[in-house]
>>> print(open('entry_2.cif').read())   # mmCIF, C-alpha atoms
data_model
#
loop_
_atom_site.label_atom_id
_atom_site.label_comp_id
_atom_site.auth_asym_id
_atom_site.auth_seq_id
_atom_site.Cartn_x
_atom_site.Cartn_y
_atom_site.Cartn_z
CA MET A 1 175.81 146.86 112.78
CA SER A 2 179.01 148.83 113.21
CA ILE A 3 177.11 151.72 114.78
CA PHE A 4 175.26 149.35 117.08
CA ASN A 5 178.52 147.71 118.08
CA SER A 6 180.14 151.05 118.84
CA VAL A 7 177.43 151.98 121.34
CA GLY A 8 177.10 148.55 122.96
CA ILE A 9 173.99 147.20 121.24
CA TYR A 10 173.78 143.44 120.68
CA VAL A 11 171.70 141.76 118.00
CA VAL A 12 169.46 138.70 117.86
CA LEU A 13 168.56 137.84 114.29
CA ASP A 14 165.58 135.87 112.99
CA VAL A 15 166.97 133.91 110.05
CA ASN A 16 163.50 133.58 108.48
CA SER A 17 161.34 135.92 106.45
CA PRO A 18 157.68 135.74 105.34
CA ALA A 19 158.77 135.28 101.70
CA ASP A 20 158.08 131.95 99.99
CA GLY A 21 160.82 129.41 100.66
CA GLU A 22 162.30 131.43 103.52
CA HIS A 23 160.38 130.00 106.48
CA ILE A 24 158.82 126.80 107.76
CA ASP A 25 155.15 126.64 106.75
CA ARG A 26 153.34 125.75 109.96
CA SER A 27 150.52 124.09 108.01
CA ASN A 28 152.91 121.65 106.30
CA PRO A 29 156.43 121.90 107.76
CA GLY A 30 157.83 118.89 105.97
CA SER A 31 157.12 120.37 102.53
CA THR A 32 159.11 123.54 103.29
CA TYR A 33 162.02 121.98 105.17
CA THR A 34 164.20 121.79 102.07
CA ALA A 35 167.84 122.26 101.08
CA GLU A 36 166.90 125.52 99.38
CA TYR A 37 165.32 126.84 102.57
CA LEU A 38 168.33 125.84 104.65
CA GLU A 39 170.68 127.51 102.17
CA HIS A 40 168.73 130.72 102.83
CA VAL A 41 169.15 130.18 106.58
CA PHE A 42 172.88 129.54 106.24
CA THR A 43 173.25 132.64 104.06
CA MET A 44 171.73 134.72 106.84
CA ILE A 45 174.17 133.19 109.30
CA GLU A 46 177.09 133.96 106.99
CA ALA A 47 175.99 137.59 106.75
CA PHE A 48 176.00 138.15 110.51
CA LYS A 49 178.29 135.58 112.14
CA ASP A 50 181.43 137.73 111.97
CA TYR A 51 179.91 140.71 113.79
CA PRO A 52 181.06 140.66 117.43
CA ASN A 53 177.69 142.08 118.51
CA THR A 54 175.64 139.27 116.95
CA LEU A 55 174.38 137.80 120.20
CA ALA A 56 172.15 134.98 118.92
CA PHE A 57 169.87 133.70 116.15
CA PHE A 58 166.16 132.88 116.26
CA SER A 59 165.34 129.60 114.52
CA GLY A 60 161.72 130.68 114.18
CA ASN A 61 159.02 133.05 115.36
CA GLU A 62 155.57 131.78 116.36
CA ILE A 63 155.68 128.75 114.08
CA MET A 64 153.25 127.24 116.58
CA ASN A 65 150.42 129.68 117.27
CA ALA A 66 147.57 127.32 118.26
CA MET A 67 147.03 123.77 119.41
CA ASP A 68 146.43 122.53 115.86
CA THR A 69 149.97 123.59 114.89
CA ALA A 70 151.63 121.89 117.86
CA GLU A 71 151.75 118.32 116.56
CA ALA A 72 153.75 118.49 113.33
CA ASN A 73 156.07 121.45 113.92
CA PRO A 74 158.20 120.78 117.06
CA PRO A 75 160.45 118.12 115.46
CA TYR A 76 161.22 120.49 112.58
CA ILE A 77 162.09 123.34 114.96
CA ARG A 78 164.61 121.04 116.63
CA ALA A 79 165.90 119.86 113.25
CA LEU A 80 166.42 123.48 112.13
CA THR A 81 168.20 124.28 115.38
CA ARG A 82 170.49 121.30 114.81
CA GLU A 83 171.39 122.40 111.29
CA MET A 84 171.98 126.01 112.36
CA LYS A 85 174.21 125.08 115.30
CA SER A 86 176.16 122.62 113.13
CA TYR A 87 176.74 125.30 110.49
CA ILE A 88 177.86 127.81 113.12
CA ALA A 89 180.22 125.27 114.66
CA ASN A 90 181.83 124.67 111.25
CA HIS A 91 182.04 128.23 109.96
CA ALA A 92 181.96 130.76 112.82
CA ASN A 93 184.96 131.61 114.98
CA ARG A 94 182.85 131.44 118.15
CA THR A 95 179.71 129.85 119.53
CA ILE A 96 176.53 131.79 118.69
CA PRO A 97 173.40 130.63 120.54
CA VAL A 98 170.27 129.54 118.64
CA GLY A 99 166.78 129.73 120.16
CA TYR A 100 163.08 130.00 119.36
CA SER A 101 160.52 132.83 119.77
CA ALA A 102 157.17 131.45 120.95
CA ALA A 103 153.64 132.84 120.85
CA ASP A 104 152.06 133.27 124.28
CA VAL A 105 149.57 130.44 123.81
CA ARG A 106 149.34 129.18 127.39
CA GLU A 107 147.81 125.79 126.50
CA ILE A 108 151.00 124.78 124.65
CA LEU A 109 153.63 127.11 126.16
CA ALA A 110 154.90 124.88 128.97
CA ASP A 111 155.07 121.87 126.65
CA THR A 112 156.85 123.95 123.99
CA HIS A 113 159.48 124.92 126.56
CA ALA A 114 159.80 121.32 127.75
CA TYR A 115 160.14 119.98 124.21
CA LEU A 116 162.78 122.48 123.10
CA GLN A 117 164.97 122.56 126.23
CA CYS A 118 165.30 118.83 126.94
CA ASP A 119 168.43 116.81 126.15
CA ASN A 120 167.87 114.46 123.20
CA SER A 121 171.41 113.10 122.97
CA GLN A 122 171.87 109.35 123.05
CA ASP A 123 175.21 109.52 124.84
CA ASP A 124 177.38 112.21 126.40
CA SER A 125 177.71 114.14 123.13
CA GLU A 126 176.26 117.62 122.72
CA ASP A 127 172.61 117.74 121.66
CA MET A 128 172.75 120.12 118.69
CA SER A 129 168.95 120.16 118.35
CA ARG A 130 168.39 121.64 121.82
CA SER A 131 167.41 125.33 121.96
CA ASP A 132 169.84 127.59 123.77
CA PHE A 133 167.11 130.01 124.88
CA LEU A 134 163.37 130.67 124.58
CA GLY A 135 161.81 133.99 123.62
CA LEU A 136 158.17 134.69 124.47
CA ASN A 137 155.92 137.18 122.66
CA SER A 138 153.66 138.26 125.51
CA TYR A 139 151.08 141.04 125.60
CA SER A 140 149.22 139.97 128.74
CA TRP A 141 149.97 143.11 130.83
CA CYS A 142 147.54 145.74 129.56
CA GLY A 143 147.22 149.17 131.16
CA SER A 144 147.86 150.63 134.60
CA ASP A 145 145.25 148.43 136.28
CA ALA A 146 147.11 145.21 135.40
CA THR A 147 149.03 143.40 138.13
CA PHE A 148 151.58 140.63 138.46
CA GLU A 149 148.70 138.22 138.96
CA THR A 150 146.12 139.50 136.46
CA ALA A 151 148.77 139.59 133.72
CA GLY A 152 149.63 135.98 134.44
CA TYR A 153 153.24 136.79 135.25
CA ASP A 154 152.96 134.65 138.39
CA LYS A 155 152.10 131.68 136.16
CA LEU A 156 155.11 132.36 133.96
CA VAL A 157 157.43 132.43 136.98
CA GLU A 158 156.00 129.10 138.11
CA MET A 159 156.25 127.65 134.60
CA PHE A 160 159.89 128.61 134.06
CA SER A 161 161.17 128.30 137.63
CA ASN A 162 163.35 125.30 136.77
CA SER A 163 164.29 126.31 133.25
CA THR A 164 167.74 125.24 132.14
CA ILE A 165 167.81 127.83 129.35
CA PRO A 166 167.32 131.63 129.49
CA VAL A 167 163.74 132.82 128.91
CA PHE A 168 162.91 136.42 127.95
CA PHE A 169 160.12 138.42 126.33
CA SER A 170 161.00 138.60 122.64
CA GLU A 171 158.01 140.97 122.26
CA TYR A 172 155.88 142.83 124.79
CA GLY A 173 153.97 146.08 125.14
CA CYS A 174 150.17 145.69 125.01
CA ASN A 175 148.48 148.61 123.24
CA GLU A 176 144.86 147.87 124.09
CA VAL A 177 144.93 150.68 126.67
CA GLN A 178 146.19 154.03 125.40
CA PRO A 179 148.42 155.81 126.07
CA ARG A 180 150.80 153.00 126.97
CA THR A 181 152.40 153.50 130.38
CA PHE A 182 154.65 150.41 130.38
CA ASP A 183 153.93 149.68 134.04
CA GLU A 184 155.08 146.10 133.46
CA VAL A 185 158.70 147.24 133.04
CA PRO A 186 159.54 147.57 136.78
CA THR A 187 157.92 144.19 137.40
CA LEU A 188 159.66 142.47 134.48
CA TYR A 189 163.03 143.64 135.81
CA GLY A 190 162.08 143.30 139.48
CA GLU A 191 162.60 140.71 142.19
CA LYS A 192 159.49 138.67 141.33
CA MET A 193 160.63 137.97 137.76
CA THR A 194 164.19 136.82 138.31
CA VAL A 195 163.53 133.64 136.31
CA MET A 196 163.02 135.86 133.26
CA SER A 197 165.83 137.65 131.43
CA GLY A 198 164.18 140.93 130.49
CA GLY A 199 162.53 141.66 127.19
CA LEU A 200 162.15 143.60 123.95
CA ILE A 201 159.46 146.23 123.49
CA PHE A 202 157.41 146.05 120.31
CA GLU A 203 158.13 148.30 118.39
CA TRP A 204 160.25 151.23 117.18
CA THR A 205 158.42 152.95 114.30
CA GLN A 206 154.69 153.63 114.33
CA GLU A 207 152.76 151.47 111.85
CA GLU A 208 149.11 150.69 111.21
CA ASN A 209 149.07 148.30 114.18
CA ASN A 210 149.82 151.25 116.51
CA TYR A 211 152.75 149.86 118.51
CA GLY A 212 155.44 152.42 117.61
CA ILE A 213 157.29 154.64 120.05
CA VAL A 214 158.46 157.04 117.31
CA ASP A 215 156.97 158.40 114.10
CA ALA A 216 159.37 158.12 111.14
CA TYR A 217 158.61 160.20 108.07
CA ALA A 218 159.50 159.95 104.39
CA ASN A 219 161.80 162.96 104.58
CA GLY A 220 163.98 161.22 107.20
CA THR A 221 162.74 163.09 110.27
CA VAL A 222 161.74 161.32 113.47
CA HIS A 223 159.22 162.50 116.07
CA LEU A 224 159.23 160.90 119.52
CA ARG A 225 155.83 159.70 120.71
CA GLY A 226 154.46 159.77 124.25
CA ASP A 227 155.14 156.04 124.46
CA TYR A 228 158.86 156.79 124.09
CA ASP A 229 158.85 159.16 127.06
CA ALA A 230 156.83 156.76 129.20
CA LEU A 231 159.19 153.90 128.41
CA ALA A 232 162.32 155.98 129.04
CA GLU A 233 160.92 157.03 132.41
CA LYS A 234 160.30 153.43 133.43
CA TYR A 235 163.79 152.38 132.33
CA GLY A 236 165.30 155.27 134.28
CA GLY A 237 163.86 153.91 137.51
CA LEU A 238 165.24 150.36 137.21
CA ASN A 239 167.57 148.82 139.77
CA MET A 240 170.56 147.98 137.61
CA THR A 241 172.33 146.13 140.43
CA LEU A 242 169.45 143.66 140.66
CA ILE A 243 169.30 143.28 136.89
CA GLU A 244 173.01 142.54 136.61
CA ASN A 245 172.92 139.84 139.29
CA HIS A 246 172.75 136.40 137.71
CA ASN A 247 170.54 133.54 138.86
CA THR A 248 173.07 131.20 140.48
CA THR A 249 170.44 128.51 140.98
CA ALA A 250 169.64 128.28 137.26
CA THR A 251 173.29 127.87 136.25
CA GLY A 252 173.50 124.62 138.21
CA LEU A 253 170.46 122.97 136.64
CA LYS A 254 170.79 120.23 134.03
CA PRO A 255 168.21 119.65 131.29
CA PRO A 256 166.02 116.59 131.61
CA LYS A 257 166.36 113.81 129.07
CA CYS A 258 163.77 114.06 126.31
CA SER A 259 160.83 111.71 126.72
CA ALA A 260 157.11 111.64 126.04
CA GLY A 261 156.54 112.00 129.79
CA LEU A 262 157.74 115.63 129.67
CA ILE A 263 154.77 116.63 127.51
CA SER A 264 151.53 117.07 129.45
CA ASP A 265 149.11 117.59 126.55
CA ALA A 266 148.73 114.99 123.82
CA GLY A 267 148.14 117.81 121.33
CA LEU A 268 151.83 118.74 121.29
CA SER A 269 154.28 116.39 119.67
CA GLN A 270 155.84 113.72 121.86
CA ASP A 271 158.02 112.56 118.98
CA PHE A 272 161.73 113.11 119.58
CA ASP A 273 162.79 111.28 116.44
CA ILE A 274 164.07 114.44 114.76
CA PRO A 275 163.84 114.59 110.93
CA SER A 276 167.06 114.04 109.01
CA ALA A 277 168.57 116.90 107.06
CA PRO A 278 167.41 117.11 103.42
CA SER A 279 169.70 115.83 100.69
CA GLY A 280 172.59 118.21 100.03
CA VAL A 281 172.47 119.95 103.41
CA ALA A 282 175.38 117.98 104.87
CA ALA A 283 177.56 119.27 102.02
CA LEU A 284 176.44 122.84 102.70
CA ILE A 285 177.25 122.47 106.39
CA SER A 286 180.65 121.03 105.54
CA SER A 287 181.71 123.35 102.72
CA GLY A 288 179.67 126.47 103.45
CA VAL A 289 177.45 128.61 101.23
CA SER A 290 179.28 129.76 98.13
CA ASN A 291 179.64 133.50 97.53
CA ALA A 292 177.54 134.42 100.57
CA PRO A 293 177.69 138.09 101.61
CA LYS A 294 179.65 138.50 104.83
CA GLY A 295 179.31 141.52 107.05
CA SER A 296 182.16 142.92 109.10
CA ILE A 297 182.79 145.82 111.43
CA VAL A 298 183.95 149.05 109.78
CA PRO A 299 185.08 152.31 111.42
CA VAL A 300 182.24 154.58 112.49
CA THR A 301 183.26 158.01 111.27
CA LYS A 302 179.93 159.84 111.08
CA THR A 303 178.85 160.33 114.66
CA SER A 304 176.48 163.31 114.53
CA VAL A 305 172.78 162.83 113.77
CA GLU A 306 172.15 165.10 110.81
CA LEU A 307 168.44 164.47 110.21
CA PRO A 308 165.99 166.31 112.50
CA VAL A 309 164.63 164.54 115.59
CA TYR A 310 161.73 166.13 117.46
CA ALA A 311 160.62 165.69 121.05
CA THR A 312 157.01 164.93 121.99
CA SER A 313 156.59 168.66 122.62
CA GLY A 314 157.40 169.35 118.98
CA GLY A 315 160.74 170.99 119.78
CA LYS A 316 163.78 169.97 117.76
CA ILE A 317 166.38 168.00 119.73
CA SER A 318 169.91 169.28 119.18
CA GLY A 319 173.27 167.81 120.13
CA LEU A 320 172.39 164.26 119.09
CA GLU A 321 175.45 162.15 118.37
CA ILE A 322 176.74 158.68 119.00
CA SER A 323 179.75 158.00 121.17
CA PRO A 324 181.47 154.78 122.26
CA ALA A 325 179.70 152.95 125.06
CA GLU A 326 181.28 153.42 128.45
CA GLY A 327 179.10 151.04 130.43
CA SER A 328 175.87 151.62 132.32
CA GLY A 329 175.29 155.05 133.72
CA ARG A 330 176.54 156.88 130.63
CA LYS A 331 174.72 160.21 130.38
CA ASN A 332 173.16 161.80 127.32
CA GLY A 333 175.74 164.54 127.14
CA GLY A 334 174.74 167.93 125.80
CA LEU A 335 171.25 167.20 124.45
CA THR A 336 168.87 170.14 124.35
CA THR A 337 165.29 170.50 123.11
CA ALA A 338 164.13 173.66 121.37
CA GLU A 339 160.69 175.21 121.71
CA PRO A 340 158.13 173.77 119.28
CA GLU A 341 158.30 175.32 115.83
CA ALA A 342 155.26 177.08 114.46
CA SER A 343 155.18 174.61 111.61
CA SER A 344 157.15 171.56 112.64
CA SER A 345 159.07 169.94 109.81
CA ALA A 346 158.79 166.63 111.65
CA THR A 347 155.70 165.95 109.64
CA GLY A 348 157.67 166.47 106.42
CA SER A 349 155.39 165.63 103.55
CA GLY A 350 152.81 164.42 106.04
CA ASN A 351 153.30 160.76 105.16
CA ALA A 352 155.01 158.30 107.45
CA SER A 353 157.72 156.24 105.85
CA GLU A 354 156.53 152.86 104.61
CA THR A 355 158.79 150.58 106.56
CA SER A 356 157.84 146.93 106.81
CA PRO A 357 156.10 145.87 110.03
CA SER A 358 157.87 143.67 112.51
CA SER A 359 156.72 140.24 113.61
CA SER A 360 154.02 140.38 116.26
CA SER A 361 151.54 137.92 117.67
CA ASN A 362 148.95 140.69 117.49
CA SER A 363 149.56 141.77 113.91
CA GLY A 364 149.87 138.25 112.56
CA ASN A 365 153.21 139.20 111.06
CA ASP A 366 155.17 136.14 112.09
CA ASP A 367 157.43 133.97 109.92
CA ASN A 368 154.36 132.50 108.20
CA SER A 369 152.83 135.89 107.34
CA ASP A 370 152.21 136.96 103.78
CA GLU A 371 153.78 140.35 104.52
CA SER A 372 157.19 140.82 102.93
CA ASP A 373 160.19 142.37 104.66
CA SER A 374 161.88 145.30 102.97
CA ALA A 375 165.15 144.91 104.88
CA GLU A 376 167.54 142.37 103.40
CA ALA A 377 169.87 141.31 106.20
CA ALA A 378 172.18 139.65 103.71
CA ASN A 379 172.97 143.05 102.25
CA SER A 380 174.12 144.48 105.56
CA GLY A 381 177.72 144.99 106.51
CA SER A 382 178.72 147.05 103.49
CA ASP A 383 178.82 150.30 105.43
CA ASP A 384 178.24 151.88 108.84
CA ASP A 385 174.44 151.91 108.77
CA SER A 386 173.43 149.32 106.19
CA SER A 387 171.40 147.35 108.72
CA ALA A 388 170.13 150.28 110.74
CA ALA A 389 166.71 150.03 109.09
CA ALA A 390 165.96 146.63 110.54
CA GLY A 391 165.86 144.97 113.89
CA ARG A 392 164.63 144.95 117.41
CA VAL A 393 166.68 147.40 119.45
CA MET A 394 167.29 148.05 123.11
CA LEU A 395 169.31 151.23 123.40
CA ALA A 396 172.00 151.29 126.04
CA ASN A 397 171.20 152.84 129.43
CA GLY A 398 167.47 152.26 128.99
CA ALA A 399 166.82 155.10 126.55
CA ALA A 400 164.44 153.11 124.34
CA LEU A 401 163.49 149.67 123.13
CA ALA A 402 162.43 148.95 119.60
CA ALA A 403 161.32 146.16 117.35
CA LEU A 404 162.02 146.63 113.66
CA VAL A 405 161.98 144.24 110.71
CA GLY A 406 164.14 141.15 110.77
CA PHE A 407 166.10 140.81 113.98
CA ALA A 408 166.21 141.67 117.65
CA MET A 409 168.82 143.69 119.47
CA PHE A 410 169.33 144.22 123.14
CA ALA A 411 172.07 145.58 125.38
CA LEU A 412 173.20 143.32 128.21
#
>>> encode(input="entry_2.cif", output="structure tokens")
Amino acid sequence: MSIFNSVGIYVVLDVNSPADGEHIDRSNPGSTYTAEYLEHVFTMIEAFKDYPNTLAFFSGNEIMNAMDTAEANPPYIRALTREMKSYIANHANRTIPVGYSAADVREILADTHAYLQCDNSQDDSEDMSRSDFLGLNSYSWCGSDATFETAGYDKLVEMFSNSTIPVFFSEYGCNEVQPRTFDEVPTLYGEKMTVMSGGLIFEWTQEENNYGIVDAYANGTVHLRGDYDALAEKYGGLNMTLIENHNTTATGLKPPKCSAGLISDAGLSQDFDIPSAPSGVAALISSGVSNAPKGSIVPVTKTSVELPVYATSGGKISGLEISPAEGSGRKNGGLTTAEPEASSSATGSGNASETSPSSSSNSGNDDNSDESDSAEAANSGSDDDSSAAAGRVMLANGAALAALVGFAMFAL
């Protein structure tokens, strides 16, 4: 986290994990919405709330992934959001937004957005159960033949045109057509998609699901894949002036009051009677989690990259080091790439490192997955790079986007 902060990378953390008792079970949300679960959530907040580059928290990832999960779960997503925002208000020294990452299931997407963004307060008080943003895991743009219309981006613009909360792609990067060319990037950051707030490419390291933009090996070496180069090229051609302009229309919109009339399909919950917090949670929100690990920024003293990194050509990249962010337009300095070695050590022992896969609507590795995460966010903050093995990353100046285990990061 300290390294990320030093180079201008912000973090969005999913407070859930696939482990038992650490997520809402979409098949029976009421049975898993317990004080023990919420203590886990609050512990994650404690671990990251003091980092200045913690941008936001995800309350959940793809809890609703089909129509048959859309009835019981929405009230619990709002209840979780309420508890998280209340805990942050009591124990953080600043406001940290809380939002939800949705699966791109078009039959429930508009209603999901309507349910989570509306104002459910009974008076002029703040509605703590309202989501501050919506992430969307979308893989609808596949290959160079896809267009704004065939990918359904036009429908998304129409759907979110009057959104009162930011909406962005919390995952994207279809891999059905290889090699990936990322032709959606100029469109996502172009004039037609100004209602969207960018996105996060899935994912950083290559896994069995074949979404990685780098190969990471057991001996610590990294080999850039063709996907990395294609993505970097697309980022390099973006109009940063357009991206940095804010949507003045959206800032003046007010959320509608919650009502059953906002929901178009009877399959998604129209119940805005949000569940009460489980017994004991009010005390946790008031007093805080005892003995929770708390991360904090430490000086970054090791700035050179000591482990080998290889270009797609096989040549070793030299001159890699981190330096403090100086805003957009910062160059890569003195990087050079050597000729490919006769026997590249990038392959090391020949076995890719066994890092845990990130959440993806394609891999089924959402909060409800049986896969277990290897990265423990609560252990981060003890040194410069303790959390560097986990997260979704957008490197500054458009060098690369990544999705790793546990949380999302992106540079504004």
>>> atom_distance(input="entry_2.cif", atom1="CA of Ala114 in chain A", atom2="CA of Pro255 in chain A")
9.3 Å
>>> atom_distance(input="entry_2.cif", atom1="CA of Ala89 in chain A", atom2="CA of Pro293 in chain A")
18.5 Å
>>> resolve_selection(input="entry_2.cif", expression="the PyMOL selection byres ((chain A and resi 156) around 12)", output="ChimeraX atom specification")
/A:104-106,109-110,113,136,138,140,148-155,157-163,167-169,188,192-196
>>> atom_distance(input="entry_2.cif", atom1="CA of Ser323 in chain A", atom2="CA of Asp14 in chain A")
27.5 Å
>>> resolve_selection(input="entry_2.cif", expression="the PyMOL selection byres ((chain A and resi 16) around 10)", output="PyMOL selection string")
chain A and resi 13-15+17-19+21-24+37-38+40-41+44+57-61+366-368+406-407
>>> closest_residue(input="entry_2.cif", among="A:Asn219, A:Ser313, A:Asn5, A:Thr34", to="Pro278 in chain A", atoms="only C-alpha atoms")
A:Thr34
>>> resolve_selection(input="entry_2.cif", expression="the PyMOL selection byres ((chain A and resi 279-287) around 9)", output="tab-separated table (two decimals) with C-alpha atoms, keeping the file's coordinate frame")
chain	number	residue	atom	x	y	z
A	34	THR	CA	164.20	121.79	102.07
A	35	ALA	CA	167.84	122.26	101.08
A	36	GLU	CA	166.90	125.52	99.38
A	38	LEU	CA	168.33	125.84	104.65
A	39	GLU	CA	170.68	127.51	102.17
A	42	PHE	CA	172.88	129.54	106.24
A	83	GLU	CA	171.39	122.40	111.29
A	84	MET	CA	171.98	126.01	112.36
A	86	SER	CA	176.16	122.62	113.13
A	87	TYR	CA	176.74	125.30	110.49
A	88	ILE	CA	177.86	127.81	113.12
A	90	ASN	CA	181.83	124.67	111.25
A	91	HIS	CA	182.04	128.23	109.96
A	276	SER	CA	167.06	114.04	109.01
A	277	ALA	CA	168.57	116.90	107.06
A	278	PRO	CA	167.41	117.11	103.42
A	288	GLY	CA	179.67	126.47	103.45
A	289	VAL	CA	177.45	128.61	101.23
A	290	SER	CA	179.28	129.76	98.13
>>> residues_near_point(input="entry_2.cif", point="(156.6, 162.6, 127.7)", cutoff="9 Å", atoms="all atoms listed in the file", output="ChimeraX atom specification")
/A:224-230,232-233,311-313
>>> closest_residue(input="entry_2.cif", among="A:Arg82, A:Gly30, A:Gly237, A:Phe272", to="Ala260 in chain A", atoms="only C-alpha atoms")
A:Phe272
>>> closest_residue(input="entry_2.cif", among="A:Ser144, A:Asn73, A:Asn291, A:Gln270", to="Thr181 in chain A", atoms="all atoms listed in the file")
A:Ser144
>>> closest_residue(input="entry_2.cif", among="A:Gly199, A:Lys85, A:Thr221, A:Thr164", to="Cys118 in chain A", atoms="all atoms listed in the file")
A:Thr164
>>> residues_around(input="entry_2.cif", residues="range 294-310 of chain A", least_positions_apart="3", cutoff="6 Å", atoms="only C-alpha atoms", output="list of chain:residue names")
A:Ser2, A:Glu46, A:Ala47, A:Phe48, A:Asp50, A:Tyr51, A:Thr221, A:Val222, A:His223, A:Gly314, A:Gly315, A:Lys316, A:Ile317, A:Leu320, A:Glu321, A:Ile322, A:Gly381
>>> closest_residue(input="entry_2.cif", among="A:Gly220, A:Gly236, A:Gly8, A:Gly212", to="Val185 in chain A", atoms="only C-alpha atoms")
A:Gly236
>>> decode(input="entry_2.cif", residues="range 171-192 of chain A", atoms="C-alpha atoms", output="short mmCIF file (atom, residue, chain, number, x, y, z; two decimals), in the first residue's frame")
data_model
loop_
_atom_site.label_atom_id
_atom_site.label_comp_id
_atom_site.auth_asym_id
_atom_site.auth_seq_id
_atom_site.Cartn_x
_atom_site.Cartn_y
_atom_site.Cartn_z
CA GLU A 171 -14.04 -5.91 -14.46
CA TYR A 172 -13.73 -6.01 -18.24
CA GLY A 173 -11.58 -7.61 -20.93
CA CYS A 174 -13.31 -10.42 -22.85
CA ASN A 175 -10.90 -13.22 -23.77
CA GLU A 176 -13.11 -15.21 -26.15
CA VAL A 177 -11.13 -13.80 -29.09
CA GLN A 178 -7.36 -14.17 -28.86
CA PRO A 179 -5.08 -12.32 -28.80
CA ARG A 180 -6.94 -9.61 -26.91
CA THR A 181 -6.67 -6.22 -28.61
CA PHE A 182 -8.62 -4.17 -26.04
CA ASP A 183 -10.38 -2.15 -28.74
CA GLU A 184 -13.05 -1.23 -26.19
CA VAL A 185 -10.59 0.99 -24.29
CA PRO A 186 -10.83 4.06 -26.59
CA THR A 187 -14.61 3.73 -26.56
CA LEU A 188 -14.85 3.28 -22.78
CA TYR A 189 -12.86 6.49 -22.28
CA GLY A 190 -14.34 8.29 -25.28
CA GLU A 191 -17.10 10.82 -25.83
CA LYS A 192 -19.90 8.24 -26.16
#
